[in-house]
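Peer 1: Next comes start20.txt, compact mmCIF, C-alpha atoms:
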# COMPACT_ATOMS: atom_id res chain seq x y z
CA MET A 255 43.72 34.38 3.94
CA GLY A 256 43.96 31.03 2.14
CA LEU A 257 41.61 29.81 -0.58
CA PRO A 258 38.35 31.66 -1.32
CA PRO A 259 35.28 29.98 0.26
CA SER A 260 33.73 29.28 -3.14
CA LEU A 261 36.76 27.21 -4.18
CA VAL A 262 36.76 25.35 -0.86
CA VAL A 263 33.08 24.50 -1.18
CA TRP A 264 32.96 23.64 -4.88
CA LYS A 265 36.24 21.75 -5.14
CA TYR A 266 36.74 20.06 -1.77
CA VAL A 267 33.50 20.00 0.22
CA LEU A 268 31.33 19.03 -2.76
CA ARG A 269 33.56 16.09 -3.67
CA ASN A 270 33.34 14.67 -0.16
CA ALA A 271 29.65 15.35 0.18
CA LEU A 272 28.90 13.68 -3.17
CA THR A 273 29.91 10.16 -2.08
CA SER A 274 26.93 9.56 0.20
CA THR A 275 24.61 11.54 -2.10
CA VAL A 276 25.48 9.28 -5.04
CA THR A 277 24.83 6.18 -2.91
CA GLN A 278 21.38 7.56 -2.05
CA ILE A 279 20.67 8.14 -5.75
CA GLY A 280 21.33 4.44 -6.39
CA LEU A 281 19.02 3.30 -3.60
CA LEU A 282 16.29 5.80 -4.42
CA SER A 283 16.22 4.76 -8.08
CA GLY A 284 14.56 1.57 -6.81
CA VAL A 285 11.82 3.61 -5.16
CA LEU A 286 11.50 5.57 -8.40
CA LEU A 287 11.04 2.40 -10.47
CA GLY A 288 8.42 1.11 -8.04
CA GLY A 289 6.69 4.49 -7.91
CA ALA A 290 6.57 4.62 -11.71
CA VAL A 291 4.18 1.64 -11.68
CA VAL A 292 1.68 3.51 -9.51
CA VAL A 293 2.12 6.86 -11.30
CA GLU A 294 1.65 5.31 -14.75
CA ARG A 295 -1.54 3.69 -13.45
CA VAL A 296 -2.87 6.99 -12.10
CA PHE A 297 -2.19 9.01 -15.26
CA ASP A 298 -2.71 6.20 -17.79
CA TRP A 299 0.75 6.56 -19.28
CA PRO A 300 1.53 3.72 -21.71
CA GLY A 301 4.83 2.82 -20.04
CA LEU A 302 6.48 -0.23 -18.59
CA GLY A 303 4.55 0.07 -15.31
CA HIS A 304 1.23 0.32 -17.13
CA TYR A 305 2.08 -2.85 -19.05
CA ALA A 306 2.97 -4.56 -15.76
CA VAL A 307 -0.33 -3.63 -14.12
CA ASN A 308 -2.31 -4.78 -17.16
CA SER A 309 -0.43 -8.08 -17.07
CA ILE A 310 -1.28 -8.45 -13.38
CA VAL A 311 -4.97 -7.85 -14.07
CA MET A 312 -4.93 -10.44 -16.87
CA SER A 313 -2.79 -12.86 -14.80
CA ASP A 314 -0.15 -12.88 -17.54
CA TYR A 315 2.52 -14.59 -15.45
CA ASN A 316 5.32 -14.45 -18.05
CA ALA A 317 4.87 -10.73 -18.60
CA VAL A 318 5.02 -9.97 -14.86
CA MET A 319 8.10 -12.15 -14.45
CA SER A 320 9.97 -10.56 -17.34
CA PHE A 321 8.97 -7.10 -16.11
CA THR A 322 10.36 -7.92 -12.65
CA ILE A 323 13.64 -9.24 -14.04
CA TRP A 324 13.99 -6.33 -16.47
CA VAL A 325 13.47 -3.75 -13.71
CA ALA A 326 15.90 -5.64 -11.46
CA LEU A 327 18.46 -5.49 -14.27
CA ILE A 328 17.96 -1.73 -14.65
CA TYR A 329 18.34 -1.35 -10.88
CA VAL A 330 21.54 -3.40 -10.81
CA VAL A 331 23.02 -1.46 -13.76
CA ILE A 332 22.20 1.86 -12.03
CA ASN A 333 23.92 0.65 -8.88
CA ILE A 334 27.00 -0.55 -10.79
CA ALA A 335 27.16 2.92 -12.38
CA VAL A 336 26.85 4.41 -8.89
CA ASP A 337 29.78 2.30 -7.71
CA ILE A 338 31.90 3.43 -10.69
CA VAL A 339 31.03 7.10 -10.09
CA HIS A 340 31.84 6.49 -6.43
CA ALA A 341 35.32 5.27 -7.39
CA LEU A 342 35.83 8.30 -9.67
CA ILE A 343 34.84 10.73 -6.92
CA ASP A 344 36.83 9.03 -4.19
CA PRO A 345 39.72 6.89 -5.52
CA ARG A 346 40.35 5.52 -2.00
CA GLU A 347 37.25 3.37 -2.49
CA ILE A 348 39.03 1.18 -5.07
CA ALA A 349 41.47 -0.15 -2.49
CA SER A 350 38.78 -1.44 -0.14
CA MET B 286 16.34 1.76 28.28
CA ILE B 287 12.89 3.14 29.15
CA SER B 288 14.14 5.38 31.91
CA ARG B 289 12.72 8.64 33.17
CA ARG B 290 15.50 10.51 31.35
CA PHE B 291 14.60 8.75 28.13
CA LEU B 292 10.95 9.74 28.45
CA ARG B 293 11.81 13.34 29.29
CA LYS B 294 14.05 13.64 26.22
CA LEU B 295 11.34 12.09 24.08
CA VAL B 296 8.82 14.65 25.35
CA GLU B 297 11.25 17.46 24.55
CA ASP B 298 11.36 16.37 20.90
CA ARG B 299 8.12 17.91 19.63
CA LEU B 300 8.12 16.09 16.29
CA ALA B 301 8.55 12.73 18.02
CA VAL B 302 5.64 13.51 20.35
CA VAL B 303 3.41 14.44 17.40
CA GLY B 304 4.47 11.20 15.70
CA LEU B 305 3.75 9.19 18.83
CA ALA B 306 0.33 10.87 19.15
CA ILE B 307 -0.56 10.00 15.54
CA VAL B 308 0.52 6.38 16.02
CA ALA B 309 -1.45 6.18 19.28
CA ALA B 310 -4.51 7.69 17.56
CA LEU B 311 -4.22 5.07 14.81
CA LEU B 312 -4.14 2.30 17.43
CA VAL B 313 -7.21 3.73 19.18
CA CYS B 314 -9.06 4.01 15.85
CA ALA B 315 -8.22 0.42 14.98
CA LEU B 316 -9.18 -1.01 18.37
CA ALA B 317 -12.33 1.05 18.90
CA ALA B 318 -13.52 1.10 15.27
CA PRO B 319 -16.93 -0.52 15.99
CA TRP B 320 -17.69 2.08 18.67
CA LEU B 321 -16.14 5.15 17.01
CA ALA B 322 -17.66 4.56 13.57
CA PRO B 323 -21.03 6.31 13.08
CA PHE B 324 -22.22 3.56 10.68
CA PRO B 325 -20.27 0.35 11.48
CA GLU B 326 -22.58 -1.75 9.29
CA ASP B 327 -21.65 0.29 6.19
CA VAL B 328 -18.50 -1.77 5.69
CA TYR B 329 -20.55 -4.56 4.13
CA GLU B 330 -23.97 -3.00 3.51
CA PHE B 331 -25.10 -1.08 0.44
CA HIS B 332 -27.26 2.06 0.48
CA PRO B 333 -27.69 2.91 -3.21
CA ALA B 334 -29.95 5.88 -2.40
CA GLU B 335 -27.17 7.50 -0.35
CA ARG B 336 -24.31 7.11 -2.82
CA LEU B 337 -21.67 9.81 -3.31
CA ARG B 338 -23.13 12.31 -0.82
CA ALA B 339 -20.90 15.26 0.00
CA PRO B 340 -19.60 15.60 3.58
CA SER B 341 -22.37 16.58 5.99
CA TRP B 342 -23.14 16.24 9.72
CA THR B 343 -24.46 12.68 9.30
CA HIS B 344 -21.55 11.66 7.03
CA PRO B 345 -18.55 13.83 8.08
CA PHE B 346 -16.33 12.43 5.28
CA GLY B 347 -19.14 11.88 2.75
CA THR B 348 -20.30 8.56 1.31
CA ASP B 349 -18.77 6.25 -1.30
CA ARG B 350 -20.06 4.64 -4.51
CA MET B 351 -22.07 2.05 -2.54
CA GLY B 352 -23.50 4.64 -0.16
CA GLY B 353 -21.16 3.54 2.64
CA ASP B 354 -19.98 6.12 5.17
CA VAL B 355 -16.34 6.96 4.27
CA LEU B 356 -15.40 7.75 7.90
CA SER B 357 -16.66 4.37 9.14
CA ARG B 358 -14.86 2.52 6.37
CA LEU B 359 -11.63 4.44 7.11
CA LEU B 360 -11.79 3.46 10.79
CA PHE B 361 -12.19 -0.20 9.89
CA GLY B 362 -9.45 0.16 7.28
CA ALA B 363 -7.09 1.23 10.09
CA ARG B 364 -7.39 -2.32 11.46
CA ILE B 365 -6.21 -3.83 8.18
CA THR B 366 -3.36 -1.32 7.94
CA ILE B 367 -2.19 -2.10 11.49
CA VAL B 368 -2.41 -5.86 10.98
CA ILE B 369 -0.47 -5.73 7.70
CA ALA B 370 2.25 -3.44 9.07
CA VAL B 371 2.72 -5.21 12.42
CA ILE B 372 2.84 -8.75 11.01
CA ALA B 373 5.01 -7.83 8.01
CA VAL B 374 7.56 -5.86 10.05
CA GLY B 375 7.44 -8.44 12.87
CA ALA B 376 8.14 -11.28 10.45
CA SER B 377 10.98 -9.28 8.89
CA VAL B 378 12.55 -8.83 12.33
CA VAL B 379 12.12 -12.52 13.17
CA ILE B 380 13.72 -13.60 9.88
CA GLY B 381 16.25 -10.82 9.35
CA VAL B 382 17.79 -10.36 12.80
CA PRO B 383 18.88 -14.00 13.46
CA ILE B 384 20.30 -14.31 9.93
CA GLY B 385 22.24 -11.07 10.38
CA LEU B 386 23.52 -12.23 13.79
CA VAL B 387 24.69 -15.60 12.45
CA ALA B 388 26.29 -14.02 9.40
CA GLY B 389 28.04 -11.40 11.52
CA LEU B 390 29.19 -13.79 14.23
CA TYR B 391 30.74 -16.52 12.10
CA GLN B 392 32.99 -15.16 9.40
CA ASN B 393 32.99 -18.11 7.04
CA ARG B 394 31.34 -19.42 3.86
CA VAL B 395 27.92 -19.73 5.50
CA SER B 396 27.89 -16.05 6.42
CA ASP B 397 28.98 -15.16 2.87
CA LEU B 398 26.15 -17.29 1.50
CA LEU B 399 23.57 -15.66 3.82
CA MET B 400 24.69 -12.17 2.86
CA ARG B 401 24.65 -12.98 -0.88
CA VAL B 402 21.11 -14.34 -0.53
CA SER B 403 20.01 -11.09 1.11
CA ASP B 404 21.81 -9.18 -1.68
CA VAL B 405 19.71 -11.06 -4.24
CA PHE B 406 16.54 -9.92 -2.48
CA LEU B 407 17.86 -6.34 -2.44
CA ALA B 408 18.72 -6.45 -6.16
CA VAL B 409 15.02 -6.13 -7.07
CA PRO B 410 13.33 -2.86 -6.05
CA GLN B 411 11.07 -3.56 -3.09
CA VAL B 412 7.75 -2.48 -4.61
CA ILE B 413 8.45 -4.42 -7.83
CA LEU B 414 9.31 -7.63 -5.96
CA ALA B 415 6.24 -7.23 -3.77
CA ILE B 416 4.10 -6.79 -6.92
CA ALA B 417 5.61 -9.94 -8.44
CA ILE B 418 5.04 -12.02 -5.28
CA ALA B 419 1.52 -10.74 -4.68
CA GLN B 420 0.63 -11.41 -8.33
CA THR B 421 2.06 -14.93 -8.35
CA LEU B 422 0.29 -16.00 -5.16
CA GLY B 423 -2.98 -14.26 -5.96
CA PRO B 424 -4.42 -11.05 -4.52
CA SER B 425 -5.29 -11.30 -0.82
CA ILE B 426 -4.22 -9.67 2.45
CA PRO B 427 -2.11 -12.65 3.71
CA ASN B 428 -0.21 -12.64 0.41
CA VAL B 429 0.43 -8.90 0.72
CA ILE B 430 1.85 -9.53 4.21
CA LEU B 431 4.00 -12.34 2.81
CA ALA B 432 5.24 -10.18 -0.07
CA LEU B 433 6.11 -7.30 2.28
CA SER B 434 7.96 -9.55 4.74
CA ALA B 435 9.86 -11.26 1.91
CA THR B 436 11.07 -7.88 0.65
CA PHE B 437 11.77 -6.17 3.96
CA TRP B 438 13.83 -8.72 5.94
CA PRO B 439 17.17 -8.15 4.08
CA TRP B 440 17.27 -4.59 5.48
CA PHE B 441 17.32 -5.98 9.01
CA THR B 442 19.91 -8.58 8.03
CA ARG B 443 22.25 -5.95 6.60
CA LEU B 444 21.78 -3.65 9.57
CA VAL B 445 22.39 -6.39 12.16
CA TYR B 446 25.30 -7.81 10.15
CA ALA B 447 27.11 -4.46 9.97
CA GLU B 448 26.47 -3.66 13.64
CA THR B 449 27.57 -7.14 14.79
CA ARG B 450 30.77 -6.97 12.74
CA SER B 451 31.76 -3.63 14.25
CA LEU B 452 30.78 -4.75 17.77
CA LEU B 453 32.96 -7.86 17.55
CA LYS B 454 35.97 -5.58 17.14
CA GLU B 455 35.18 -3.79 20.42
CA THR B 456 37.49 -4.45 23.35
CA PHE B 457 34.77 -5.55 25.77
CA VAL B 458 33.53 -8.22 23.37
CA GLU B 459 37.07 -9.46 22.75
CA ALA B 460 37.63 -9.59 26.51
CA THR B 461 34.44 -11.62 27.03
CA GLU B 462 35.54 -13.97 24.29
CA THR B 463 38.96 -14.38 25.89
CA LEU B 464 37.28 -15.26 29.18
CA GLY B 465 35.70 -18.23 27.41
CA ALA B 466 32.15 -17.00 26.70
CA GLY B 467 30.37 -19.12 24.10
CA PRO B 468 28.61 -17.66 21.05
CA ALA B 469 25.18 -17.86 22.70
CA ARG B 470 26.28 -15.85 25.77
CA LEU B 471 28.15 -13.40 23.55
CA VAL B 472 25.12 -12.75 21.34
CA LEU B 473 22.40 -12.65 24.00
CA LEU B 474 24.22 -10.63 26.67
CA HIS B 475 26.60 -8.43 24.72
CA VAL B 476 25.66 -8.08 21.06
CA LEU B 477 21.84 -7.97 21.09
CA PRO B 478 21.43 -5.28 23.79
CA ASN B 479 23.90 -3.08 21.93
CA ILE B 480 22.17 -3.36 18.56
CA ALA B 481 18.62 -3.04 19.96
CA SER B 482 18.45 0.75 19.38
CA PRO B 483 19.11 0.74 15.61
CA ILE B 484 16.68 -2.16 15.25
CA ILE B 485 13.93 -0.24 17.08
CA VAL B 486 14.53 2.82 14.90
CA ARG B 487 14.39 0.70 11.76
CA ILE B 488 11.15 -0.92 12.96
CA SER B 489 9.46 2.47 13.39
CA LEU B 490 10.64 3.81 10.02
CA GLY B 491 9.85 0.44 8.44
CA MET B 492 6.24 0.55 9.67
CA GLY B 493 5.67 3.77 7.73
CA PHE B 494 7.28 2.41 4.60
CA THR B 495 5.40 -0.89 4.86
CA ILE B 496 2.06 0.92 5.18
CA LEU B 497 2.93 2.99 2.11
CA THR B 498 3.86 -0.10 0.07
CA ALA B 499 0.77 -1.96 1.28
CA ALA B 500 -1.38 0.97 0.15
CA ALA B 501 0.35 0.95 -3.25
CA LEU B 502 -0.30 -2.78 -3.61
CA GLY B 503 -3.93 -2.29 -2.58
CA PHE B 504 -4.23 0.55 -5.10
CA LEU B 505 -2.97 -1.73 -7.87
CA GLY B 506 -5.64 -4.27 -6.90
CA LEU B 507 -3.17 -6.79 -5.44
CA GLY B 508 -4.34 -6.63 -1.85
CA ALA B 509 -7.75 -6.90 -0.24
CA GLN B 510 -10.70 -7.64 -2.47
CA PRO B 511 -13.91 -5.57 -2.30
CA PRO B 512 -15.76 -4.78 -0.13
CA THR B 513 -12.80 -4.77 2.28
CA PRO B 514 -12.25 -1.12 3.33
CA GLU B 515 -8.48 -1.15 2.73
CA TRP B 516 -7.19 2.43 2.23
CA GLY B 517 -5.22 1.92 -0.98
CA ARG B 518 -8.08 -0.01 -2.52
CA THR B 519 -10.55 2.74 -1.57
CA ILE B 520 -8.43 5.31 -3.46
CA ALA B 521 -8.38 3.06 -6.52
CA GLU B 522 -12.19 2.70 -6.37
CA SER B 523 -12.67 6.45 -5.99
CA ARG B 524 -10.65 7.39 -9.08
CA GLU B 525 -13.51 7.22 -11.56
CA PHE B 526 -15.56 9.65 -9.45
CA LEU B 527 -12.89 12.35 -9.38
CA PRO B 528 -12.95 15.34 -9.33
CA ASP B 529 -16.67 15.54 -8.40
CA ALA B 530 -16.52 13.22 -5.35
CA TRP B 531 -13.28 14.73 -4.03
CA TRP B 532 -13.84 13.51 -0.44
CA TYR B 533 -13.90 9.88 -1.55
CA ALA B 534 -10.19 9.87 -2.58
CA THR B 535 -8.95 12.67 -0.31
CA MET B 536 -9.89 11.14 3.04
CA PRO B 537 -8.12 7.75 2.68
CA GLY B 538 -5.18 9.58 1.07
CA LEU B 539 -4.94 11.91 4.06
CA ALA B 540 -5.17 8.91 6.41
CA ILE B 541 -2.24 7.15 4.70
CA PHE B 542 -0.25 10.40 4.64
CA LEU B 543 -0.82 11.10 8.35
CA VAL B 544 -0.01 7.58 9.51
CA VAL B 545 3.19 7.25 7.46
CA MET B 546 4.22 10.75 8.56
CA GLY B 547 3.58 9.77 12.19
CA PHE B 548 5.74 6.66 12.02
CA ASN B 549 8.52 8.57 10.23
CA MET B 550 8.54 11.37 12.81
CA LEU B 551 8.52 8.86 15.67
CA GLY B 552 11.34 6.90 14.02
CA ASP B 553 13.42 10.03 13.47
CA GLY B 554 12.84 11.08 17.08
CA LEU B 555 13.87 7.65 18.37
CA ARG B 556 16.92 7.73 16.12
CA ASP B 557 18.00 11.05 17.61
CA LEU B 558 17.53 9.67 21.11
CA LEU B 559 18.97 6.20 20.73
CA ASP B 560 21.74 6.61 18.19
CA PRO B 561 24.34 9.08 19.44
CA ARG B 562 26.27 8.91 16.17
CA LEU B 563 23.36 10.35 14.20
CA ARG B 564 22.20 13.16 16.51
CA ARG B 565 20.39 15.84 14.52
CA THR B 566 23.09 16.37 11.93
CA THR B 567 21.91 13.65 9.55
CA ARG B 568 18.22 14.44 9.73
CA VAL B 569 17.94 15.24 6.05
CA ALA B 570 19.97 12.24 4.97
CA ALA B 571 17.79 10.02 7.11
CA ALA B 572 14.56 11.27 5.58
CA PRO B 573 13.88 8.77 2.73
CA ALA B 574 11.21 6.36 3.92
CA ARG B 575 12.94 3.46 2.19
CA GLY B 576 14.81 1.60 4.91
CA GLY B 577 18.22 2.24 3.32
CA SER B 578 21.29 2.72 5.44
Starting from the coordinates I provided, produce the structure as structure tokens.
Peer 2:
Amino acid sequence: MGLPPSLVVWKYVLRNALTSTVTQIGLLSGVLLGGAVVVERVFDWPGLGHYAVNSIVMSDYNAVMSFTIWVALIYVVINIAVDIVHALIDPREIAS
Amino acid sequence: MISRRFLRKLVEDRLAVVGLAIVAALLVCALAAPWLAPFPEDVYEFHPAERLRAPSWTHPFGTDRMGGDVLSRLLFGARITIVIAVIAVGASVVIGVPIGLVAGLYQNRVSDLLMRVSDVFLAVPQVILAIAIAQTLGPSIPNVILALSATFWPWFTRLVYAETRSLLKETFVEATETLGAGPARLVLLHVLPNIASPIIVRISLGMGFTILTAAALGFLGLGAQPPTPEWGRTIAESREFLPDAWWYATMPGLAIFLVVMGFNMLGDGLRDLLDPRLRRTTRVAAAPARGGS
């Protein structure tokens, strides 16, 4: 009767389903970084977002700018990692 | 597109109807705020003796730190929410769609340049870029609208670009081109009507996301200044009175939740109706409010 269902699902279906899931992870990490700013404000966590909000309140332009660029860098690195994982999951992607 | 069949199918989709009802209710609240609100003057007036009263028959949603009626302030806040969302999404459509069309139609260096520019805007997470813009230009509602439009238009550009590219490969478009149709005729009569549905869906989902981001910016103090009854700002003001004055933060929070939920359900319903490729099966994948494709 062919391969057991568990092998079909875990080896073949999962690999194909992962490609779009991984892409979503990359995009959603941006929402996560933006949400962190609000969450750190709500719970008073001394994180990057808290620093950003304090800089906004004090009109510290340089701090806000460096925060924006730093977060953008993190976002870009995450998305490069997503692309690499994408290529590992589905080697056909490299050709295109 | 608005045919009787379309309306019947929309009515059959219960979630879409609920979403449409919520959006319609928001519009009514915004338009009729001065008549619906029990204390319209409370938006700008102070009643120190009445501050932080629990919900009662006179004040169904309680009163805030200035003694203002929370329900009245919420109704007037709906106006600000609607204005921000409509102008920001409208501007994104006006900027994003033509750029996407031009980039998709001409496959040369200019289209590459346009797409790379939109990639640069997408490289910074939307909320972060909006925070940076709103902070640089100073906190006010017009600047929030500007920040939201500046961060939302690349999504329309990418959508229109991808759709235009795939449409140009269709036989009927090639045939029209062979018959000698110019780019203007091609775009207006053959490309735009065929990409209208995904744009409409993205507008509805984008409204919800824009309202959410606007509330986040207001919460961080980047939007309207007091005493403007903006919802996000109201939640920020109410924080120091939690958990005693629970109604003060809960009511605007519920309002934001309901409105964003309404736009998302309406957008999902429209997507099911208008986009045959995505019928039902991709509901879960389509759920994130971020306008990603």
Peer 1: Residues of chain B near chain A: apply a cut-off of 9 Å, count only C-alpha atoms, and supply the list as a list in words.
Peer 2: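 Residues satisfying the distance criterion: Ala408, Val409, Pro410, Gln411, Val412, Ile413, Leu414, Ile416, Ala417, Gln420, Thr421, Gly423, Ala501, Leu502, Phe504, Leu505, Gly506, Leu507, Ala521, Arg524, Ala570, Pro573, Arg575, Gly577 and Ser578 of chain B.
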Peer 1: Separation of atom CA of B:Leu551 and atom CA of B:Leu305, in Å?
Peer 2: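 So the two atoms, atom CA of B:Leu551 and atom CA of B:Leu305, lie 5.7 Å apart.
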Peer 1: Go ahead and compute the interatomic distance for atom CA of B:Val458 and atom CA of B:Pro478, in Å to one decimal.
Peer 2: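 Interatomic distance, atom CA of B:Val458 to atom CA of B:Pro478: 12.5 Å.
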Peer 1: Distance atom CA of B:Asn428-atom CA of B:Ala373, one decimal place?
Peer 2: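 Atom CA of B:Asn428 sits 10.4 Å away from atom CA of B:Ala373.
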Peer 1: I'd like the contact shell of B:Val378 - 9 Å cut-off, all atoms listed in the file, skipping same-chain residues fewer than 2 positions apart - returned as a ChimeraX atom specification.
Peer 2: /B:373-376,380-383,434,437-438,441-442,484,488
Peer 1: From the options B:Asp298, B:Ala447, B:Ile307, B:Tyr533, which residue's atoms come nearest to B:Arg336, counting only C-alpha atoms?
Peer 2: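 Nearest candidate to B:Arg336 out of B:Asp298, B:Ala447, B:Ile307, B:Tyr533: B:Tyr533.
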Peer 1: Quick one: residues within 12 Å of A:Val339, all atoms listed in the file counted, chain neighbours fewer than 2 positions away excluded, as an MDAnalysis selection string?
Peer 2: chainID A and resid 269 272:277 279:280 332:337 341:345 347:348
Peer 1: Would you kindly identify which residues have an atom no farther than 10 Å from (-20.6, 8.1, -1.6), using only C-alpha atoms and the file's own coordinates, and write them out as a list in words?
Peer 2: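 Within the cut-off we find His332, Pro333, Ala334, Glu335, Arg336, Leu337, Arg338, Ala339, Pro340, His344, Phe346, Gly347, Thr348, Asp349, Arg350, Met351, Gly352, Gly353, Asp354, Val355, Ser523, Phe526, Ala530, Trp532 and Tyr533 of chain B.
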Peer 1: What does the file look like for those residues with C-alpha atoms, as a PDB file, in the frame of the given file?
Peer 2:
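Result file again_6.pdb:
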ATOM      1  CA  HIS B 332     -27.260   2.060   0.480  1.00  0.00           C
ATOM      2  CA  PRO B 333     -27.690   2.910  -3.210  1.00  0.00           C
ATOM      3  CA  ALA B 334     -29.950   5.880  -2.400  1.00  0.00           C
ATOM      4  CA  GLU B 335     -27.170   7.500  -0.350  1.00  0.00           C
ATOM      5  CA  ARG B 336     -24.310   7.110  -2.820  1.00  0.00           C
ATOM      6  CA  LEU B 337     -21.670   9.810  -3.310  1.00  0.00           C
ATOM      7  CA  ARG B 338     -23.130  12.310  -0.820  1.00  0.00           C
ATOM      8  CA  ALA B 339     -20.900  15.260   0.000  1.00  0.00           C
ATOM      9  CA  PRO B 340     -19.600  15.600   3.580  1.00  0.00           C
ATOM     10  CA  HIS B 344     -21.550  11.660   7.030  1.00  0.00           C
ATOM     11  CA  PHE B 346     -16.330  12.430   5.280  1.00  0.00           C
ATOM     12  CA  GLY B 347     -19.140  11.880   2.750  1.00  0.00           C
ATOM     13  CA  THR B 348     -20.300   8.560   1.310  1.00  0.00           C
ATOM     14  CA  ASP B 349     -18.770   6.250  -1.300  1.00  0.00           C
ATOM     15  CA  ARG B 350     -20.060   4.640  -4.510  1.00  0.00           C
ATOM     16  CA  MET B 351     -22.070   2.050  -2.540  1.00  0.00           C
ATOM     17  CA  GLY B 352     -23.500   4.640  -0.160  1.00  0.00           C
ATOM     18  CA  GLY B 353     -21.160   3.540   2.640  1.00  0.00           C
ATOM     19  CA  ASP B 354     -19.980   6.120   5.170  1.00  0.00           C
ATOM     20  CA  VAL B 355     -16.340   6.960   4.270  1.00  0.00           C
ATOM     21  CA  SER B 523     -12.670   6.450  -5.990  1.00  0.00           C
ATOM     22  CA  PHE B 526     -15.560   9.650  -9.450  1.00  0.00           C
ATOM     23  CA  ALA B 530     -16.520  13.220  -5.350  1.00  0.00           C
ATOM     24  CA  TRP B 532     -13.840  13.510  -0.440  1.00  0.00           C
ATOM     25  CA  TYR B 533     -13.900   9.880  -1.550  1.00  0.00           C
TER      26      TYR B 533
END
Peer 1: Choose the residue, out of B:Leu555, B:Ala534, B:Ala509, B:Ile384, that has the smallest atom-to-atom separation from B:Leu399; count only C-alpha atoms.
Peer 2: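 Residue with the minimum atom-to-atom distance to B:Leu399: B:Ile384.
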Peer 1: Which residues, written as a count of residues only, have at least one atom at most 7 Å from B:Leu386, with all atoms listed in the file counted and residues fewer than 5 positions away on the same chain left out?
Peer 2: 3
Peer 1: Quick one: everything within 7 Å of B:Gly554, counting all atoms listed in the file, minus sequence neighbours fewer than 2 positions away in the same chain. Send it as a list in words.
Peer 2: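 Contacts, in chain order: Asp298, Leu300, Ala301, Met550, Leu551, Gly552, Arg556, Asp557 and Leu558 of chain B.
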Peer 1: Looking at B:Gly508, B:Gly491, B:Gly547, B:Pro528, which one is nearest to B:Ser377, with distances taken over all atoms listed in the file?
Peer 2: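 The shortest atom-to-atom distance to B:Ser377 comes from B:Gly491.
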